[in-house]
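One file, my_file28.cif, is given below (mmCIF, C-alpha atoms).
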data_data
#
loop_
_atom_site.label_atom_id
_atom_site.label_comp_id
_atom_site.auth_asym_id
_atom_site.auth_seq_id
_atom_site.Cartn_x
_atom_site.Cartn_y
_atom_site.Cartn_z
CA MET A 1 -33.62 35.66 -3.13
CA LYS A 2 -31.21 32.87 -2.24
CA LYS A 3 -33.61 30.24 -3.56
CA VAL A 4 -34.07 32.05 -6.88
CA LEU A 5 -30.30 32.25 -7.26
CA VAL A 6 -29.95 28.52 -6.55
CA ILE A 7 -32.63 27.67 -9.09
CA ILE A 8 -31.01 29.86 -11.75
CA LEU A 9 -27.64 28.21 -11.08
CA LEU A 10 -29.20 24.75 -11.29
CA VAL A 11 -30.86 25.61 -14.60
CA ILE A 12 -27.54 26.83 -16.02
CA ILE A 13 -25.69 23.71 -14.88
CA GLY A 14 -28.50 21.49 -16.16
CA TYR A 15 -28.47 23.24 -19.54
CA PHE A 16 -24.77 22.69 -20.05
CA LEU A 17 -24.90 19.09 -18.83
CA ALA A 18 -27.79 18.32 -21.20
CA ASN A 19 -25.92 20.06 -24.02
CA THR A 20 -22.92 17.83 -23.44
CA PHE A 21 -24.77 14.56 -23.12
CA ILE A 22 -27.16 15.13 -26.00
CA ASN A 23 -24.23 15.09 -28.43
CA ILE A 24 -23.08 11.63 -27.35
CA PRO A 25 -24.82 8.99 -29.46
CA PHE A 26 -26.37 6.34 -27.26
CA GLY A 27 -25.60 2.69 -27.91
CA GLU A 28 -23.45 3.26 -30.97
CA ASN A 29 -20.05 1.73 -31.52
CA ARG A 30 -17.74 4.67 -30.99
CA ILE A 31 -14.56 2.64 -30.67
CA GLY A 32 -14.37 2.20 -34.42
CA ASP A 33 -12.33 -0.38 -36.25
CA ILE A 34 -9.63 -1.61 -33.88
CA ASN A 35 -7.41 -2.80 -36.72
CA ALA A 36 -7.58 0.47 -38.62
CA GLU A 37 -4.39 2.30 -39.49
CA LYS A 38 -5.22 5.18 -37.17
CA PRO A 39 -7.52 3.72 -34.48
CA THR A 40 -9.16 5.73 -31.71
CA ALA A 41 -7.55 5.62 -28.26
CA ALA A 42 -9.89 2.82 -27.14
CA GLY A 43 -9.23 0.89 -30.34
CA TYR A 44 -5.49 1.28 -29.84
CA TYR A 45 -5.70 -0.13 -26.30
CA LEU A 46 -7.88 -3.03 -27.42
CA SER A 47 -5.64 -4.08 -30.29
CA ASN A 48 -2.19 -3.42 -28.80
CA THR A 49 -2.38 -4.37 -25.12
CA LYS A 50 -2.04 -8.11 -25.68
CA GLU A 51 1.20 -7.86 -27.62
CA LYS A 52 2.78 -4.80 -26.02
CA SER A 53 1.97 -5.16 -22.32
CA LYS A 54 1.19 -8.92 -22.15
CA VAL A 55 -1.74 -8.26 -19.80
CA ALA A 56 -5.00 -10.21 -20.07
CA ASN A 57 -7.14 -7.61 -18.27
CA ILE A 58 -6.96 -4.58 -20.55
CA ILE A 59 -8.44 -2.26 -17.90
CA THR A 60 -5.46 -2.99 -15.66
CA ALA A 61 -3.08 -2.18 -18.49
CA ILE A 62 -4.82 1.16 -18.99
CA VAL A 63 -4.92 2.01 -15.29
CA VAL A 64 -1.37 1.00 -14.39
CA ASN A 65 0.54 1.30 -17.63
CA TYR A 66 -0.97 3.76 -20.12
CA ARG A 67 -2.45 5.99 -17.42
CA GLY A 68 0.02 5.05 -14.69
CA LEU A 69 0.80 8.62 -13.73
CA ASP A 70 -2.92 9.22 -13.00
CA THR A 71 -2.90 6.17 -10.73
CA LEU A 72 0.10 7.58 -8.90
CA GLY A 73 -1.91 10.76 -8.43
CA GLU A 74 -4.88 8.79 -7.10
CA VAL A 75 -2.66 6.97 -4.62
CA THR A 76 -1.28 10.34 -3.53
CA VAL A 77 -4.81 11.70 -3.04
CA LEU A 78 -5.70 8.75 -0.82
CA PHE A 79 -2.45 9.18 1.12
CA LEU A 80 -3.18 12.88 1.67
CA ALA A 81 -6.75 12.08 2.78
CA SER A 82 -5.57 9.56 5.34
CA THR A 83 -2.82 11.89 6.55
CA GLY A 84 -5.35 14.70 6.92
CA ILE A 85 -7.76 12.55 8.91
CA ALA A 86 -4.91 11.30 11.09
CA SER A 87 -3.57 14.80 11.77
CA VAL A 88 -7.02 16.10 12.72
CA LEU A 89 -8.34 13.16 14.71
CA TYR A 90 -5.38 11.15 16.03
CA ARG A 91 -4.79 11.48 19.76
CA ARG A 92 -1.53 10.81 21.46
CA LYS A 93 -1.28 8.33 24.31
CA GLU A 94 -1.10 10.81 27.18
CA GLU A 95 -4.18 12.72 26.06
CA GLU A 96 -6.56 9.82 25.78
CA GLU A 97 -7.80 8.64 29.13
CA GLU A 98 -9.40 5.52 27.76
CA THR A 99 -8.72 4.22 24.29
CA GLU A 100 -12.00 2.39 24.27
CA ARG A 101 -13.17 1.55 20.82
CA LEU A 102 -16.29 -0.27 21.93
CA SER A 103 -18.43 0.80 24.85
CA LEU A 104 -19.93 -2.67 25.10
CA PRO A 105 -18.29 -6.00 24.28
CA SER A 106 -19.76 -7.59 21.17
CA SER A 107 -21.73 -10.80 21.40
CA THR A 108 -20.23 -14.26 21.06
CA ILE A 109 -21.91 -14.78 17.70
CA ILE A 110 -20.29 -11.70 16.18
CA ARG A 111 -16.88 -12.55 17.62
CA SER A 112 -16.94 -16.16 16.41
CA GLY A 113 -18.29 -15.12 13.01
CA ALA A 114 -15.63 -12.43 12.63
CA ARG A 115 -12.89 -14.90 13.51
CA VAL A 116 -14.10 -17.28 10.80
CA LEU A 117 -14.76 -14.59 8.19
CA PHE A 118 -11.64 -12.45 8.62
CA PRO A 119 -9.13 -14.86 6.99
CA ILE A 120 -11.54 -15.53 4.12
CA ILE A 121 -12.11 -11.84 3.44
CA ALA A 122 -8.39 -11.10 3.66
CA LEU A 123 -7.64 -13.99 1.31
CA LEU A 124 -10.23 -12.72 -1.20
CA GLY A 125 -8.72 -9.24 -1.08
CA ILE A 126 -5.19 -10.53 -1.55
CA TYR A 127 -6.39 -12.74 -4.42
CA VAL A 128 -8.03 -9.75 -6.09
CA PHE A 129 -4.91 -7.60 -6.01
CA ILE A 130 -2.44 -10.36 -6.89
CA HIS A 131 -4.57 -11.37 -9.89
CA GLY A 132 -5.23 -7.76 -10.89
CA HIS A 133 -3.73 -8.31 -14.34
CA LEU A 134 -5.77 -11.47 -15.02
CA THR A 135 -9.21 -11.03 -13.47
CA PRO A 136 -11.40 -7.99 -12.75
CA GLY A 137 -10.26 -5.91 -9.84
CA GLY A 138 -6.86 -4.78 -8.75
CA GLY A 139 -4.99 -2.86 -6.11
CA PHE A 140 -7.73 -0.46 -5.09
CA GLN A 141 -10.49 -3.07 -4.96
CA GLY A 142 -8.37 -5.71 -3.24
CA GLY A 143 -7.02 -3.22 -0.72
CA THR A 144 -10.51 -2.07 0.13
CA ILE A 145 -11.68 -5.67 0.64
CA VAL A 146 -8.75 -6.34 3.00
CA ALA A 147 -9.60 -3.14 4.90
CA THR A 148 -13.19 -4.38 5.22
CA GLY A 149 -11.88 -7.55 6.88
CA PHE A 150 -9.82 -5.49 9.32
CA LEU A 151 -12.90 -3.37 10.02
CA LEU A 152 -14.80 -6.52 10.97
CA MET A 153 -12.09 -7.42 13.47
CA LEU A 154 -11.88 -3.85 14.81
CA ILE A 155 -15.58 -3.67 15.59
CA SER A 156 -15.88 -7.15 17.06
CA TYR A 157 -12.76 -7.46 19.25
CA LYS A 158 -11.83 -5.02 21.97
CA GLY A 159 -8.25 -6.19 22.15
CA PHE A 160 -7.55 -6.17 18.41
CA ASN A 161 -4.94 -3.47 17.98
CA THR A 162 -3.25 -2.26 14.84
CA ASN A 163 0.40 -1.30 15.03
CA HIS A 164 0.52 2.22 13.61
CA ASN A 165 4.29 2.22 13.41
CA ARG A 166 4.37 -0.92 11.30
CA MET A 167 1.49 0.37 9.17
CA THR A 168 3.38 3.57 8.40
CA TRP A 169 6.37 1.49 7.32
CA ILE A 170 4.29 -0.70 5.00
CA GLU A 171 2.61 2.36 3.52
CA SER A 172 5.88 4.18 2.88
CA LEU A 173 7.53 1.09 1.40
CA ALA A 174 4.57 0.49 -0.94
CA GLY A 175 4.58 4.12 -2.10
CA LEU A 176 8.33 4.07 -2.65
CA THR A 177 8.03 0.79 -4.59
CA PHE A 178 5.59 2.46 -6.97
CA ILE A 179 7.90 5.42 -7.57
CA PHE A 180 11.06 3.32 -7.90
CA LEU A 181 9.38 1.00 -10.41
CA GLY A 182 8.35 4.11 -12.30
CA ILE A 183 11.95 5.28 -12.37
CA TRP A 184 13.07 1.81 -13.43
CA GLY A 185 10.66 2.12 -16.35
CA LEU A 186 12.22 5.51 -17.09
CA ILE A 187 15.65 3.86 -17.36
CA ALA A 188 14.57 0.74 -19.25
CA ASP A 189 11.79 2.04 -21.47
CA ASN A 190 12.50 5.80 -21.63
CA THR A 191 9.10 6.68 -20.11
CA PHE A 192 8.10 7.05 -16.49
CA LEU A 193 6.26 3.85 -15.47
CA GLY A 194 7.19 2.30 -18.80
CA ASN A 195 6.68 -1.45 -18.86
CA ILE A 196 9.18 -4.27 -19.29
CA PRO A 197 6.91 -7.09 -20.48
CA GLU A 198 9.44 -9.76 -21.40
CA VAL A 199 8.76 -11.97 -18.35
CA GLY A 200 6.27 -14.82 -18.55
CA LYS A 201 3.53 -15.44 -21.04
CA LEU A 202 0.04 -14.07 -21.52
CA ASN A 203 -2.68 -15.34 -19.15
CA SER A 204 -0.26 -16.70 -16.57
CA LEU A 205 0.40 -15.29 -13.12
CA LEU A 206 3.90 -14.28 -14.14
CA SER A 207 3.07 -11.89 -16.94
CA GLY A 208 2.68 -8.22 -17.56
CA GLY A 209 6.15 -7.16 -16.40
CA LEU A 210 5.93 -4.46 -13.75
CA ILE A 211 2.13 -4.21 -13.70
CA PRO A 212 1.38 -6.94 -11.09
CA ILE A 213 4.16 -5.69 -8.79
CA ILE A 214 2.82 -2.14 -8.92
CA TYR A 215 -0.72 -3.36 -8.27
CA ILE A 216 0.40 -5.43 -5.27
CA ALA A 217 2.13 -2.34 -3.87
CA VAL A 218 -1.02 -0.28 -4.46
CA GLY A 219 -3.10 -2.99 -2.76
CA PHE A 220 -0.93 -2.96 0.37
CA LYS A 221 -0.95 0.83 0.46
CA VAL A 222 -4.73 1.16 0.10
CA ALA A 223 -5.43 -1.58 2.65
CA VAL A 224 -3.13 -0.05 5.26
CA GLU A 225 -4.37 3.50 4.70
CA LEU A 226 -8.06 2.61 4.93
CA THR A 227 -7.46 0.45 8.01
CA GLY A 228 -5.65 3.37 9.61
CA ILE A 229 -8.53 5.74 8.83
CA LEU A 230 -11.09 3.33 10.30
CA ASP A 231 -8.97 2.68 13.39
CA ILE A 232 -8.57 6.40 14.09
CA LEU A 233 -12.28 7.07 13.51
CA LEU A 234 -13.31 4.21 15.80
CA LYS A 235 -11.05 5.44 18.61
CA ILE A 236 -12.84 8.78 18.97
CA LYS A 237 -14.78 8.85 22.19
CA PRO A 238 -18.50 9.34 21.53
CA LYS A 239 -20.12 12.39 23.10
CA LYS A 240 -22.66 11.60 25.73
CA MET B 241 -38.41 -10.27 -20.99
CA ILE B 242 -37.89 -11.41 -17.40
CA ALA B 243 -34.48 -9.75 -17.40
CA VAL B 244 -36.02 -6.44 -18.48
CA ILE B 245 -38.63 -6.66 -15.72
CA ILE B 246 -35.95 -7.40 -13.11
CA ILE B 247 -33.87 -4.47 -14.32
CA ILE B 248 -36.90 -2.14 -14.14
CA ILE B 249 -37.65 -3.33 -10.60
CA MET B 250 -34.02 -2.74 -9.63
CA ALA B 251 -34.08 0.76 -11.09
CA VAL B 252 -37.28 1.62 -9.23
CA LEU B 253 -35.81 0.26 -5.98
CA LEU B 254 -32.65 2.31 -6.54
CA LEU B 255 -34.63 5.52 -7.03
CA ALA B 256 -36.83 4.71 -4.03
CA ALA B 257 -33.83 4.08 -1.79
CA ALA B 258 -32.18 7.31 -2.95
CA ILE B 259 -35.31 9.39 -2.27
CA TYR B 260 -35.79 7.60 1.07
CA SER B 261 -32.29 8.49 2.18
CA VAL B 262 -32.80 12.13 1.20
CA ILE B 263 -36.12 12.67 2.96
CA HIS B 264 -35.69 10.49 6.05
CA ARG B 265 -35.20 12.37 9.32
CA ASP B 266 -33.33 9.61 11.13
CA LEU B 267 -29.78 9.84 9.80
CA LEU B 268 -28.98 6.19 10.51
CA PHE B 269 -31.77 5.05 8.20
CA ALA B 270 -30.70 7.62 5.61
CA VAL B 271 -27.19 6.15 5.62
CA LEU B 272 -28.59 2.65 5.25
CA GLY B 273 -30.57 3.97 2.28
CA THR B 274 -27.33 5.09 0.59
CA GLY B 275 -25.94 1.62 1.29
CA ILE B 276 -28.89 0.07 -0.57
CA VAL B 277 -28.31 2.51 -3.46
CA SER B 278 -24.69 1.33 -3.67
CA LEU B 279 -25.75 -2.32 -3.54
CA ILE B 280 -28.17 -2.02 -6.45
CA LEU B 281 -25.74 0.22 -8.32
CA SER B 282 -22.97 -2.38 -8.06
CA LEU B 283 -25.39 -5.02 -9.40
CA PHE B 284 -26.12 -2.67 -12.29
CA PHE B 285 -22.42 -2.20 -13.00
CA TYR B 286 -22.04 -5.99 -13.07
CA LEU B 287 -24.96 -6.36 -15.48
CA LEU B 288 -23.49 -3.62 -17.69
CA GLN B 289 -20.27 -5.66 -17.97
CA ALA B 290 -18.09 -3.48 -15.78
CA PRO B 291 -16.95 -5.94 -13.09
CA ASP B 292 -14.03 -3.73 -12.03
CA VAL B 293 -16.32 -0.83 -11.21
CA ALA B 294 -18.80 -3.22 -9.57
CA LEU B 295 -16.08 -4.50 -7.22
CA THR B 296 -15.05 -0.98 -6.30
CA GLU B 297 -18.63 0.11 -5.71
CA ALA B 298 -19.33 -2.98 -3.61
CA ALA B 299 -16.30 -2.62 -1.38
CA ILE B 300 -16.30 1.17 -0.97
CA GLY B 301 -19.96 2.08 -1.38
CA ILE B 302 -21.59 -0.70 0.61
CA ALA B 303 -19.03 -1.39 3.30
CA LEU B 304 -16.61 1.44 3.94
CA THR B 305 -18.67 4.59 3.27
CA THR B 306 -21.65 3.26 5.19
CA ILE B 307 -19.49 2.29 8.16
CA ILE B 308 -17.64 5.62 8.21
CA PHE B 309 -20.98 7.48 8.21
CA ILE B 310 -22.31 5.23 10.98
CA ILE B 311 -19.22 5.91 13.09
CA THR B 312 -19.71 9.64 12.50
CA ILE B 313 -23.36 9.40 13.54
CA ARG B 314 -22.33 7.54 16.69
CA ASN B 315 -19.90 10.31 17.55
CA THR B 316 -22.25 13.21 16.76
CA THR B 317 -26.02 12.99 16.69
CA ARG B 318 -28.53 10.71 15.07
CA ASP B 319 -31.55 12.97 14.69
CA GLU B 320 -31.61 15.52 11.89
CA ASP B 321 -34.21 17.70 13.64
CA GLU B 322 -31.89 18.04 16.61
CA ILE B 323 -29.20 19.55 14.41
CA ILE B 324 -31.68 21.98 12.86
CA ASP B 325 -32.93 23.00 16.32
CA LYS B 326 -29.39 23.66 17.49
CA GLU B 327 -28.68 25.83 14.46
CA ASN B 328 -31.90 27.77 15.05
CA GLU B 329 -30.89 28.37 18.67
CA LYS B 330 -27.62 29.86 17.53
CA LEU B 331 -29.45 32.24 15.22
#

Could you express the structure from this file as C-alpha cells?
Amino acid sequence: MKKVLVIILLVIIGYFLANTFINIPFGENRIGDINAEKPTAAGYYLSNTKEKSKVANIITAIVVNYRGLDTLGEVTVLFLASTGIASVLYRRKEEEEETERLSLPSSTIIRSGARVLFPIIALLGIYVFIHGHLTPGGGFQGGTIVATGFLLMLISYKGFNTNHNRMTWIESLAGLTFIFLGIWGLIADNTFLGNIPEVGKLNSLLSGGLIPIIYIAVGFKVAVELTGILDILLKIKPKK
Amino acid sequence: MIAVIIIIIMAVLLLAAAIYSVIHRDLLFAVLGTGIVSLILSLFFYLLQAPDVALTEAAIGIALTTIIFIITIRNTTRDEDEIIDKENEKL
C-alpha cells in the first residue's frame, strides 16, 4: 500500500517536472537582444552592469547588488544553521571530561603537509573573496576554502584550538557590516543595499563601490561559521 | 571529437559513482562515492562555463560535505546493515 502510494506520488511529481522542462527550449538564445529598448532581465544585467555598478564579474553584481537582499537571506540561513548545530552539539567545559578531537595523533607526514598547505589554502581563499568582483568566486566560495584550510589543521594537530569567543565577534561584526552597508545604500541610493560606484575604475581592485566590502564581510562570516561547525562536530566523543 | 568522448566518459563515471553510493552497504564508501560525484560535477560546471558554481561545488561538495559525513559516520556507525538490524529489533 505504502509502495503504491510512493509510486503514484513519484509519477505525479515526474509529470509536473517534465511538463515544466519540456517547455524550455534547449540551447536557444533566450537572453534576447541586450541592447534592445526593453531587454529581458538577463539582457539588462549584461548591458548595464559595466556602467552602473562598475563590476567586471557580472555574477557578483547580480548576487550582491541586484539580488543583495537574497544574499542577506542566504547568510542568515547559514548563520541559523551554525547556531542550531552549536546549540544542539556544543558542550560546556565542565561537562566534557576530555575534549579530545583525535583519538590517535596524526602521522608526521600529515602534520608537516598540513603546516605547509594551510597558509597556501588560506591565501587562496582570501584571494578568492577579495577578488570576488574581478574573478570567479566570491564570499561564499572563498570562505569555504578558508574553512577547508582550518579543517586540515583541526584534523592534523591535537593542540590546534579555535577561540570561539573571538570567532563569535568576527561573525557578528561581519554580519553587522553587511546590514550597515545596506542601510548606507538606503541613505545614499534610496534602496537597501544600493551601490555607490564612484570609487575606482573598472577592472581594478578598487572598483564596484560597496560590493567588494560586502563580499569580504560575507567571506569572513562564512569562513568563521563553517570552521565553528567543523570544530563542534569534531569535538563530539565517538561512541565505542 | 576527443572532447565529446571525454565528456561521455565523465558522464558515465558520474552516474556510476552515484549508483555506487546509493547501493553500497558500507557507508564510508557511499560517502566517498558522493565525493566523486561532486568532483566530476564541478568539472562539468567548469566545462559549461560556470566557474563560480564550479568553485562552490568543489569547496562544499568535495571537501566539506564529505568530511562532515565522515565525522558523522565516525560518531555513529559505519555499517548500514547494522542500522537496519537495530531498527528491526525495535519493531

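Across the chains present, the PyMOL selection byres ((chain B) within 6 of (chain A)) applied to this file returns Pro291, Asp292, Thr296, Ala299 and Asn315 of chain B.
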
- note - atom CA of A:Glu225 and atom CA of B:Leu304 are separated by 12.4 Å

- Using only C-alpha atoms, pick whichever of B:Ile324, B:Ala298, B:Val262, B:Ile246 has the shortest atom-to-atom distance to B:Phe285.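 For B:Phe285, the nearest of the candidates is B:Ala298.
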
- Message: One decimal, in Å: what's the spacing between atom CA of A:Gly208 and atom CA of A:Trp169?
- Response: 27.0 Å

- Message: Applying 10 Å and only C-alpha atoms, which residues near stretch 63-80 of chain A remain after dropping the ones on its own chain fewer than 2 positions away? List them as an MDAnalysis selection string.
- Response: chainID A and resid 45 49 53 58:61 82:86 133 138:140 171:172 175 178:179 182 192:195 208 210:212 214:215 218 221:222 225:226

- Item | Target residues per the PyMOL selection byres ((chain B and resi 284) around 12), formatted as an MDAnalysis selection string | chainID B and resid 246:251 253:254 277:283 285:291 293:295 297:298

- Near-B:Arg265 list (12 Å; all atoms listed in the file; drop same-chain fewer than 6 positions) as JSON, numbers by chain: {"B": [259, 271, 273, 317, 318, 319, 320, 321, 322, 323, 324]}

- Do a neighbour search on A:Asn161 at 12 Å with all atoms listed in the file, toss out local chain neighbours closer than 5 positions, and write the hits as a ChimeraX atom specification. /A:99-101,150-151,153-156,166-167,227-228,230-232,234-235

- Message: Measuring between all atoms listed in the file, which one of A:Ala223, A:Gly185, A:Lys54, A:Ile120 shows the shortest distance to A:Leu206?
- Response: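 Distance minimum relative to A:Leu206 lands on A:Lys54.
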
Please enclose the listed atoms of stretch 129-142 of chain A in an axis-aligned box, pad each side by 3 Å, and write out the centre and the three edge lengths in Å, rounded to one decimal, as AutoDock Vina command-line options.
--center_x -6.9 --center_y -6.0 --center_z -9.1 --size_x 15.0 --size_y 17.0 --size_z 17.8

- Query: Hey, can you check how far atom CA of A:Leu152 sits from atom CA of B:Leu272?
  - Reply: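 Those two atoms sit 17.5 Å apart.
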